[in-house]
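Asks: Have a look at this one.
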Number of protein chains: 2
Amino acid sequence: MKKYRLLTPGPTAIPENVLAKFAEPIIHHRTSLFEVQFKKVQDNLQWLFQTKQPVLTLTATGTGAMDATVTNLFSPGDEVITVNGGKFGERWTKICRAYGVKAHEIVVDRGAAVDAVAIEKLLSANPHTKAVLFQASETSTGTLMPIQKIVELCHKKNVLSICDGITAVGIFNVPMDDWGLDVLITGSQKALMLPPGLAFISLSERAYKAAESSKLPKFYFNLIKERDSQAKQQTAWTPAISLVTGAVESLQMLRDQGREALFAAHEKMAEATRNAARALGLELFSSAPSPVLTTVKVPASFSVDQGKKITKIMQEKYGVIITGGQDELAGKILRFSHFGYTDLFDIVNGISALELTLHELGYQVEFGTGVGAVLKTYQ
Amino acid sequence: MKKYRLLTPGPTAIPENVLAKFAEPIIHHRTSLFEVQFKKVQDNLQWLFQTKQPVLTLTATGTGAMDATVTNLFSPGDEVITVNGGKFGERWTKICRAYGVKAHEIVVDRGAAVDAVAIEKLLSANPHTKAVLFQASETSTGTLMPIQKIVELCHKKNVLSICDGITAVGIFNVPMDDWGLDVLITGSQKALMLPPGLAFISLSERAYKAAESSKLPKFYFNLIKERDSQAKQQTAWTPAISLVTGAVESLQMLRDQGREALFAAHEKMAEATRNAARALGLELFSSAPSPVLTTVKVPASFSVDQGKKITKIMQEKYGVIITGGQDELAGKILRFSHFGYTDLFDIVNGISALELTLHELGYQVEFGTGVGAVLKTYQ
């Protein structure tokens, strides 16, 4: 009878009405029935991405769309700049290098936002650079990147701005066309409140021009082929049909709420979580905290092993699933995600479980201090 | 209130109990809860593939696994033989060529099985060939390929045998280890009775050796990385979680039925469909008909436009979705699929709709002739 609560950076909780859609009989994709559904998804994705460009649906998870970006836009030997502010920024570097694209990597201190000046210097030092690849929000550290500044810089230097918005689109404001982003990506299991299995990617006209001269081989992930096919409401290969029909429902929920309200709700949940952490005497890990997830350091008195116990106890005893740090941050930070189908009371639950767990591990907690800070933020 | 009935080569109908699983709350993949589910899927996939090798789960559709096969096993300039007996065989050729792998292509007459002697000749003429890539059943023409003969030939010539078993695994007997296949692939929306979105692939030890020396770049589809990760019940990237949990249910159904019973049921449905077509005076298209789907020629008196109307009327008026021919076969053949969650009475429905439709289009039909042949096959 244990209830599970996901406060994780994907998958996130799925609304009950969306889950109910998945229990419906499957439709065939090469029918007008599918095309009508897919058109709704396409329209609402453009609204969510804030773009007039097509937003392509790929049957893969977010890493597939990152892979597709590199193989579709570049050629072996091309130079790019990658912003490595954590595990996901590092992934851009790894993908580029796997395909023989020369990545000038900026390694940013974990928990810090990248300094746009550092990117500008590197761009000046490497005049053949074709693009800057970065995250909107680095999920491994809970850090918001200076997206608009990076995009402006890219325009000034005439290079492509390529943004992994996997944990950004639908959470905070990243207006693709207004800011002039060249590539924006997200995945189904994030703000879209769906199971993992679909990735979404939009390219500017300028990015499609780059794609036309790309010499890296590709087949399953062929963005020009997908653009041409999806213009007729058909994917090049069989799509993950049930996730597409689920997206009809979940995207409509987002649209009904409205972008402004969505962004404000996430900002409020982030503020409440930060306030709760501070009230419990915990230090924030990121110096540029993201509205997507809040990272806090485990108490200074805790060993790495004790730090790892926090998420374990929260999950096994209380059914509250948050994530800890990855790789070198394991046992050192806690990551509370607050996006997608998540509200004030989910934050209350998460902080309640944290208070109980910290107490169990010997940390001094006056019960209600964290939760009180959450409520105070909302009143 | 129209009922839809899928007699299509994927997606196929999904059992109600499997659909119900998709309405359950999603679980997080980096938990022991997921790992326990994934282990069940892995075990039942090995049973279904009839192999001791791991069967890897990829978040992609079947074409993704075909792409992965080429990029993981070969290097630019490598030579292979591809068997093009239709649209899916042609896809092997296209994938190889997209990646700079030299494909010696055998183009087989549409509707005919490949002649193993032709492959042997081509292997002798091209001694540097590393592999033969073929379909177990070519879905675009409904043709069964001489799988075992091809594999024996590959062993004799010491080249890899790479089998697209997307519409074969779980439908008819392709014992991977017994026959010594090097690569076997399937997809979730076929015999596994799931929505599209997962592909499954198993490699022999010999195939992994080839993978170790492959020089084609890859990232999202990295089979060695997946093998190592999935040995610990974790996928390298976020998996399509809900489809994996659905697979726990659908694979158990297949296992409960048993392989022999599964294969016999499909053989019987195919026989019934062929008998119905003949009874209606329709000619079979394939000279080596597959137990997966039955292809029949539209009546000789019909124009291509009339031929195309058959599937349209069956779908729009009767809700029975079969598929017509693709590309140059459009309007010329009908493809009745009979696999996955399909039984005698689904065949009865399909043939009933066909009788009504042919009559409407002016073809002489004595109602019940086709359906009678179906019942007679079963009695």
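Letters A, B, ... mark the chains of the structure tokens in the order given; residue numbers begin at 1 per chain; ligand numbers begin at 1, in order shown.
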Please return the superposed copy of chain B as a tab-separated table (two decimals) with C-alpha atoms, in the first residue's frame; the fit should be least squares onto chain A across all sequentially paired Cα atoms.
Replies:
chain	number	residue	atom	x	y	z
B	1	MET	CA	0.02	0.01	-0.06
B	2	LYS	CA	2.99	2.35	-0.24
B	3	LYS	CA	2.41	5.46	-2.35
B	4	TYR	CA	5.27	6.45	-4.62
B	5	ARG	CA	6.00	10.08	-5.33
B	6	LEU	CA	8.42	11.10	-8.07
B	7	LEU	CA	10.43	14.26	-7.50
B	8	THR	CA	12.93	13.19	-10.14
B	9	PRO	CA	14.25	14.97	-13.23
B	10	GLY	CA	12.48	12.54	-15.58
B	11	PRO	CA	10.44	10.51	-15.65
B	12	THR	CA	8.09	12.81	-13.82
B	13	ALA	CA	4.62	11.92	-12.59
B	14	ILE	CA	2.08	11.42	-15.38
B	15	PRO	CA	-1.41	12.90	-14.95
B	16	GLU	CA	-4.13	10.27	-14.49
B	17	ASN	CA	-6.06	11.42	-17.57
B	18	VAL	CA	-2.93	11.02	-19.70
B	19	LEU	CA	-2.27	7.54	-18.25
B	20	ALA	CA	-5.85	6.62	-19.11
B	21	LYS	CA	-5.13	7.46	-22.78
B	22	PHE	CA	-2.47	4.76	-22.85
B	23	ALA	CA	-5.09	2.15	-22.03
B	24	GLU	CA	-6.96	2.94	-25.27
B	25	PRO	CA	-6.59	0.63	-28.28
B	26	ILE	CA	-3.66	1.55	-30.48
B	27	ILE	CA	-4.32	3.23	-33.82
B	28	HIS	CA	-2.38	2.62	-37.01
B	29	HIS	CA	0.07	5.36	-37.91
B	30	ARG	CA	-0.43	5.30	-41.66
B	31	THR	CA	-4.03	6.52	-41.35
B	32	SER	CA	-5.76	9.89	-41.36
B	33	LEU	CA	-6.83	9.12	-37.78
B	34	PHE	CA	-3.18	9.32	-36.72
B	35	GLU	CA	-2.46	12.34	-38.90
B	36	VAL	CA	-5.19	14.36	-37.20
B	37	GLN	CA	-3.72	13.55	-33.77
B	38	PHE	CA	-0.18	14.25	-34.91
B	39	LYS	CA	-1.19	17.65	-36.29
B	40	LYS	CA	-2.49	18.67	-32.86
B	41	VAL	CA	0.80	17.58	-31.30
B	42	GLN	CA	2.80	19.51	-33.90
B	43	ASP	CA	0.77	22.69	-33.35
B	44	ASN	CA	1.05	22.55	-29.58
B	45	LEU	CA	4.77	21.79	-29.76
B	46	GLN	CA	5.30	24.93	-31.83
B	47	TRP	CA	3.36	26.85	-29.20
B	48	LEU	CA	5.47	25.31	-26.42
B	49	PHE	CA	8.79	25.91	-28.25
B	50	GLN	CA	7.60	29.42	-29.22
B	51	THR	CA	8.61	28.90	-32.82
B	52	LYS	CA	7.19	29.03	-36.32
B	53	GLN	CA	9.64	26.32	-37.36
B	54	PRO	CA	8.44	22.70	-37.38
B	55	VAL	CA	9.15	20.78	-34.17
B	56	LEU	CA	10.15	17.25	-35.14
B	57	THR	CA	9.15	14.17	-33.16
B	58	LEU	CA	11.76	11.39	-32.93
B	59	THR	CA	11.24	7.94	-31.43
B	60	ALA	CA	14.18	7.96	-29.02
B	61	THR	CA	15.03	9.60	-25.73
B	62	GLY	CA	16.71	13.00	-25.41
B	63	THR	CA	20.22	11.67	-25.99
B	64	GLY	CA	19.00	10.47	-29.38
B	65	ALA	CA	18.08	14.04	-30.33
B	66	MET	CA	21.47	15.27	-29.11
B	67	ASP	CA	23.14	12.60	-31.25
B	68	ALA	CA	20.93	13.60	-34.20
B	69	THR	CA	21.95	17.25	-33.79
B	70	VAL	CA	25.65	16.46	-34.12
B	71	THR	CA	25.35	13.96	-36.99
B	72	ASN	CA	22.95	16.18	-38.94
B	73	LEU	CA	24.65	19.56	-38.59
B	74	PHE	CA	28.34	18.82	-38.73
B	75	SER	CA	31.11	17.12	-40.67
B	76	PRO	CA	34.21	15.36	-39.37
B	77	GLY	CA	36.82	17.93	-38.41
B	78	ASP	CA	34.31	20.70	-37.77
B	79	GLU	CA	35.05	22.78	-34.68
B	80	VAL	CA	32.50	23.59	-32.01
B	81	ILE	CA	32.44	24.85	-28.42
B	82	THR	CA	30.78	22.71	-25.77
B	83	VAL	CA	29.83	23.97	-22.35
B	84	ASN	CA	30.52	21.26	-19.79
B	85	GLY	CA	28.86	22.36	-16.58
B	86	GLY	CA	27.99	18.81	-15.57
B	87	LYS	CA	27.09	15.36	-16.78
B	88	PHE	CA	24.83	16.58	-19.58
B	89	GLY	CA	27.20	19.23	-20.87
B	90	GLU	CA	29.92	16.59	-20.83
B	91	ARG	CA	27.61	14.49	-23.01
B	92	TRP	CA	27.72	17.14	-25.76
B	93	THR	CA	31.50	16.84	-25.73
B	94	LYS	CA	31.40	13.04	-25.82
B	95	ILE	CA	28.94	12.97	-28.72
B	96	CYS	CA	30.99	15.46	-30.75
B	97	ARG	CA	34.19	13.54	-30.16
B	98	ALA	CA	32.53	10.19	-30.97
B	99	TYR	CA	31.75	11.65	-34.41
B	100	GLY	CA	35.09	13.29	-35.06
B	101	VAL	CA	33.81	16.81	-34.43
B	102	LYS	CA	36.48	18.85	-32.66
B	103	ALA	CA	35.00	20.09	-29.39
B	104	HIS	CA	36.68	23.00	-27.61
B	105	GLU	CA	35.30	22.28	-24.18
B	106	ILE	CA	34.71	24.83	-21.44
B	107	VAL	CA	34.70	23.00	-18.15
B	108	VAL	CA	32.67	25.00	-15.66
B	109	ASP	CA	32.91	24.55	-11.89
B	110	ARG	CA	30.14	22.19	-10.80
B	111	GLY	CA	27.18	24.25	-9.64
B	112	ALA	CA	28.24	27.41	-11.46
B	113	ALA	CA	26.74	28.95	-14.58
B	114	VAL	CA	29.10	29.38	-17.51
B	115	ASP	CA	30.58	32.84	-17.92
B	116	ALA	CA	29.59	34.17	-21.35
B	117	VAL	CA	32.93	36.02	-21.48
B	118	ALA	CA	34.75	32.67	-21.42
B	119	ILE	CA	32.73	31.53	-24.43
B	120	GLU	CA	33.45	34.79	-26.24
B	121	LYS	CA	37.19	34.41	-25.64
B	122	LEU	CA	37.17	30.85	-26.90
B	123	LEU	CA	35.19	31.89	-29.97
B	124	SER	CA	37.74	34.61	-30.70
B	125	ALA	CA	40.64	32.20	-30.23
B	126	ASN	CA	39.02	29.64	-32.54
B	127	PRO	CA	37.61	31.56	-35.49
B	128	HIS	CA	36.59	28.39	-37.38
B	129	THR	CA	34.08	27.42	-34.68
B	130	LYS	CA	30.69	26.59	-36.15
B	131	ALA	CA	28.50	26.34	-33.07
B	132	VAL	CA	28.14	26.57	-29.30
B	133	LEU	CA	26.45	23.56	-27.69
B	134	PHE	CA	25.08	24.03	-24.19
B	135	GLN	CA	22.32	23.19	-21.73
B	136	ALA	CA	19.51	25.57	-20.80
B	137	SER	CA	19.52	24.01	-17.36
B	138	GLU	CA	22.24	21.57	-16.32
B	139	THR	CA	20.26	18.88	-14.52
B	140	SER	CA	23.21	17.22	-12.82
B	141	THR	CA	23.94	20.36	-10.81
B	142	GLY	CA	20.61	22.23	-10.89
B	143	THR	CA	22.15	25.22	-12.60
B	144	LEU	CA	20.53	27.71	-14.94
B	145	MET	CA	22.73	28.78	-17.84
B	146	PRO	CA	22.73	32.34	-19.28
B	147	ILE	CA	20.88	31.20	-22.40
B	148	GLN	CA	20.02	34.55	-23.90
B	149	LYS	CA	23.54	35.88	-23.44
B	150	ILE	CA	24.99	32.80	-25.15
B	151	VAL	CA	22.57	33.13	-28.06
B	152	GLU	CA	23.40	36.84	-28.49
B	153	LEU	CA	27.07	35.99	-28.54
B	154	CYS	CA	26.46	33.32	-31.17
B	155	HIS	CA	24.67	35.85	-33.35
B	156	LYS	CA	27.47	38.35	-32.93
B	157	LYS	CA	30.06	35.76	-33.92
B	158	ASN	CA	27.83	34.19	-36.58
B	159	VAL	CA	27.88	30.66	-35.15
B	160	LEU	CA	24.98	28.32	-34.40
B	161	SER	CA	23.45	28.27	-30.92
B	162	ILE	CA	22.47	24.73	-29.98
B	163	CYS	CA	20.50	24.35	-26.80
B	164	ASP	CA	19.69	21.15	-24.94
B	165	GLY	CA	16.41	22.33	-23.46
B	166	ILE	CA	15.45	18.85	-22.27
B	167	THR	CA	14.74	20.20	-18.80
B	168	ALA	CA	13.71	23.69	-19.84
B	169	VAL	CA	11.02	23.70	-22.53
B	170	GLY	CA	7.67	24.12	-20.78
B	171	ILE	CA	9.34	24.87	-17.44
B	172	PHE	CA	10.79	28.33	-17.92
B	173	ASN	CA	10.90	30.85	-20.73
B	174	VAL	CA	13.11	29.92	-23.70
B	175	PRO	CA	11.41	31.64	-26.65
B	176	MET	CA	13.16	29.98	-29.57
B	177	ASP	CA	12.30	32.45	-32.35
B	178	ASP	CA	12.45	35.63	-30.24
B	179	TRP	CA	15.89	34.83	-28.95
B	180	GLY	CA	17.01	33.35	-32.27
B	181	LEU	CA	18.04	29.89	-31.10
B	182	ASP	CA	19.18	27.56	-33.88
B	183	VAL	CA	18.42	24.23	-32.22
B	184	LEU	CA	16.16	23.50	-29.26
B	185	ILE	CA	15.54	19.99	-27.89
B	186	THR	CA	13.30	18.40	-25.29
B	187	GLY	CA	12.12	14.93	-24.29
B	188	SER	CA	8.71	13.44	-23.51
B	189	GLN	CA	9.37	12.51	-19.86
B	190	LYS	CA	10.08	16.05	-18.72
B	191	ALA	CA	7.67	19.00	-18.75
B	192	LEU	CA	5.48	17.13	-21.24
B	193	MET	CA	4.36	14.74	-18.49
B	194	LEU	CA	4.69	11.61	-20.63
B	195	PRO	CA	6.69	8.40	-20.35
B	196	PRO	CA	10.17	8.50	-21.94
B	197	GLY	CA	10.42	7.40	-25.57
B	198	LEU	CA	9.98	10.55	-27.66
B	199	ALA	CA	12.40	13.40	-28.29
B	200	PHE	CA	11.43	16.72	-29.85
B	201	ILE	CA	13.76	18.97	-31.81
B	202	SER	CA	13.36	22.18	-33.72
B	203	LEU	CA	15.90	23.71	-36.11
B	204	SER	CA	16.11	27.26	-37.43
B	205	GLU	CA	16.43	27.87	-41.18
B	206	ARG	CA	20.11	28.54	-40.56
B	207	ALA	CA	20.46	25.15	-38.87
B	208	TYR	CA	18.79	23.42	-41.83
B	209	LYS	CA	21.32	25.13	-44.11
B	210	ALA	CA	24.10	23.63	-42.01
B	211	ALA	CA	22.34	20.26	-42.21
B	212	GLU	CA	22.38	20.42	-46.00
B	213	SER	CA	26.16	20.52	-46.07
B	214	SER	CA	26.76	18.04	-43.23
B	215	LYS	CA	28.96	15.13	-44.26
B	216	LEU	CA	28.53	12.88	-41.21
B	217	PRO	CA	26.67	9.71	-42.19
B	218	LYS	CA	23.18	9.18	-40.72
B	219	PHE	CA	20.13	7.08	-41.36
B	220	TYR	CA	17.67	6.55	-38.48
B	221	PHE	CA	18.17	10.12	-37.33
B	222	ASN	CA	17.82	12.12	-40.54
B	223	LEU	CA	16.36	15.51	-39.70
B	224	ILE	CA	15.86	16.74	-43.26
B	225	LYS	CA	14.01	13.54	-44.12
B	226	GLU	CA	11.92	13.92	-40.95
B	227	ARG	CA	11.13	17.56	-41.69
B	228	ASP	CA	9.90	16.64	-45.17
B	229	SER	CA	7.92	13.65	-43.94
B	230	GLN	CA	6.43	15.36	-40.88
B	231	ALA	CA	5.24	18.24	-43.07
B	232	LYS	CA	2.69	15.65	-44.21
B	233	GLN	CA	1.93	14.53	-40.60
B	234	GLN	CA	3.92	11.33	-41.03
B	235	THR	CA	7.20	10.33	-39.41
B	236	ALA	CA	9.89	8.81	-41.62
B	237	TRP	CA	9.88	5.61	-39.54
B	238	THR	CA	7.16	4.08	-37.39
B	239	PRO	CA	6.64	6.43	-34.44
B	240	ALA	CA	5.97	5.49	-30.80
B	241	ILE	CA	2.26	5.86	-31.55
B	242	SER	CA	0.87	5.57	-28.04
B	243	LEU	CA	3.20	8.28	-26.75
B	244	VAL	CA	2.09	10.56	-29.58
B	245	THR	CA	-1.57	10.07	-28.70
B	246	GLY	CA	-0.72	10.67	-25.04
B	247	ALA	CA	0.99	13.90	-26.10
B	248	VAL	CA	-2.29	15.15	-27.58
B	249	GLU	CA	-3.70	15.10	-24.06
B	250	SER	CA	-0.70	16.36	-22.08
B	251	LEU	CA	0.18	19.19	-24.47
B	252	GLN	CA	-3.40	20.40	-24.39
B	253	MET	CA	-3.20	20.52	-20.58
B	254	LEU	CA	-0.09	22.68	-20.82
B	255	ARG	CA	-1.73	24.95	-23.37
B	256	ASP	CA	-4.87	25.28	-21.25
B	257	GLN	CA	-2.72	26.38	-18.33
B	258	GLY	CA	-0.82	28.88	-20.47
B	259	ARG	CA	2.90	29.49	-20.70
B	260	GLU	CA	3.04	32.39	-18.24
B	261	ALA	CA	1.20	30.44	-15.55
B	262	LEU	CA	3.38	27.38	-16.14
B	263	PHE	CA	6.59	29.35	-15.77
B	264	ALA	CA	5.33	31.18	-12.67
B	265	ALA	CA	4.29	27.90	-11.00
B	266	HIS	CA	7.73	26.39	-11.54
B	267	GLU	CA	9.46	29.51	-10.25
B	268	LYS	CA	7.31	29.37	-7.13
B	269	MET	CA	8.03	25.69	-6.46
B	270	ALA	CA	11.74	26.34	-6.86
B	271	GLU	CA	11.60	29.29	-4.47
B	272	ALA	CA	9.69	27.23	-1.91
B	273	THR	CA	12.20	24.37	-2.12
B	274	ARG	CA	15.17	26.71	-1.76
B	275	ASN	CA	13.54	28.40	1.23
B	276	ALA	CA	12.83	25.02	2.83
B	277	ALA	CA	16.43	23.91	2.38
B	278	ARG	CA	17.77	27.12	3.93
B	279	ALA	CA	15.30	26.88	6.81
B	280	LEU	CA	16.65	23.40	7.54
B	281	GLY	CA	20.18	24.78	7.59
B	282	LEU	CA	21.15	23.16	4.31
B	283	GLU	CA	23.33	24.94	1.81
B	284	LEU	CA	22.30	25.33	-1.82
B	285	PHE	CA	24.76	23.66	-4.17
B	286	SER	CA	24.26	25.83	-7.24
B	287	SER	CA	25.22	29.48	-7.37
B	288	ALA	CA	22.72	29.98	-10.21
B	289	PRO	CA	19.81	27.80	-9.10
B	290	SER	CA	17.49	26.55	-11.80
B	291	PRO	CA	13.69	26.68	-11.57
B	292	VAL	CA	13.75	23.03	-12.74
B	293	LEU	CA	15.32	21.37	-9.76
B	294	THR	CA	16.95	22.45	-6.53
B	295	THR	CA	20.27	20.96	-5.52
B	296	VAL	CA	21.32	21.13	-1.89
B	297	LYS	CA	24.50	19.94	-0.23
B	298	VAL	CA	24.11	17.13	2.29
B	299	PRO	CA	24.93	18.36	5.82
B	300	ALA	CA	28.64	19.06	6.19
B	301	SER	CA	28.80	16.61	9.08
B	302	PHE	CA	27.69	13.70	6.84
B	303	SER	CA	30.05	11.24	5.18
B	304	VAL	CA	29.50	10.30	1.51
B	305	ASP	CA	27.94	7.04	2.70
B	306	GLN	CA	25.52	8.89	4.96
B	307	GLY	CA	24.76	11.24	2.08
B	308	LYS	CA	23.82	8.30	-0.10
B	309	LYS	CA	21.56	6.98	2.64
B	310	ILE	CA	19.32	10.05	2.46
B	311	THR	CA	17.85	9.22	-0.97
B	312	LYS	CA	17.75	5.52	-0.08
B	313	ILE	CA	15.72	6.03	3.10
B	314	MET	CA	13.43	8.59	1.47
B	315	GLN	CA	12.69	6.08	-1.29
B	316	GLU	CA	12.47	2.85	0.68
B	317	LYS	CA	10.76	4.10	3.81
B	318	TYR	CA	8.66	6.98	2.52
B	319	GLY	CA	8.23	6.25	-1.20
B	320	VAL	CA	9.54	9.71	-2.09
B	321	ILE	CA	11.97	9.44	-4.98
B	322	ILE	CA	14.45	12.26	-5.31
B	323	THR	CA	17.86	11.86	-6.89
B	324	GLY	CA	21.32	12.24	-5.44
B	325	GLY	CA	24.46	13.42	-7.18
B	326	GLN	CA	25.95	11.50	-10.09
B	327	ASP	CA	29.57	10.42	-10.55
B	328	GLU	CA	31.85	12.63	-8.39
B	329	LEU	CA	28.83	14.30	-6.76
B	330	ALA	CA	27.34	11.00	-5.48
B	331	GLY	CA	26.60	11.21	-1.76
B	332	LYS	CA	27.36	14.93	-1.73
B	333	ILE	CA	24.21	16.57	-3.07
B	334	LEU	CA	20.46	16.01	-3.17
B	335	ARG	CA	18.41	16.93	-6.23
B	336	PHE	CA	14.77	17.85	-5.72
B	337	SER	CA	12.97	18.17	-9.03
B	338	HIS	CA	9.85	20.28	-9.25
B	339	PHE	CA	8.52	20.29	-12.76
B	340	GLY	CA	5.86	18.63	-14.86
B	341	TYR	CA	2.80	17.37	-13.04
B	342	THR	CA	4.01	18.64	-9.66
B	343	ASP	CA	2.51	21.16	-7.25
B	344	LEU	CA	2.87	22.78	-3.83
B	345	PHE	CA	1.75	19.68	-1.96
B	346	ASP	CA	4.29	17.47	-3.72
B	347	ILE	CA	6.96	19.84	-2.44
B	348	VAL	CA	5.41	19.60	1.03
B	349	ASN	CA	5.68	15.80	0.81
B	350	GLY	CA	9.23	15.87	-0.40
B	351	ILE	CA	10.38	18.22	2.35
B	352	SER	CA	8.42	16.22	4.96
B	353	ALA	CA	10.24	13.04	3.96
B	354	LEU	CA	13.53	14.93	4.04
B	355	GLU	CA	12.88	16.21	7.57
B	356	LEU	CA	12.08	12.69	8.83
B	357	THR	CA	15.10	11.21	7.06
B	358	LEU	CA	17.62	13.80	8.24
B	359	HIS	CA	16.35	13.31	11.78
B	360	GLU	CA	16.76	9.55	11.49
B	361	LEU	CA	20.36	10.05	10.37
B	362	GLY	CA	21.13	12.17	13.42
B	363	TYR	CA	20.81	15.64	11.93
B	364	GLN	CA	19.16	18.20	14.22
B	365	VAL	CA	15.70	18.96	12.79
B	366	GLU	CA	12.85	20.89	14.33
B	367	PHE	CA	9.97	19.17	12.56
B	368	GLY	CA	7.94	21.51	10.38
B	369	THR	CA	10.72	24.03	9.80
B	370	GLY	CA	11.21	23.06	6.16
B	371	VAL	CA	7.55	22.51	5.43
B	372	GLY	CA	6.73	25.79	7.15
B	373	ALA	CA	9.09	27.59	4.79
B	374	VAL	CA	7.32	26.00	1.82
B	375	LEU	CA	3.93	27.17	3.06
B	376	LYS	CA	5.23	30.61	3.88
B	377	THR	CA	6.52	31.00	0.32
B	378	TYR	CA	3.04	30.29	-0.97
B	379	GLN	CA	0.89	32.28	1.43
Asks: Step one, run DSSP on the backbone; step two, keep only residues of stretch 56-197 of chain A assigned to alpha helix (DSSP H); then write them as number ranges by chain.
Replies: A: 62-73, 87-98, 116-125, 147-157, 176-179
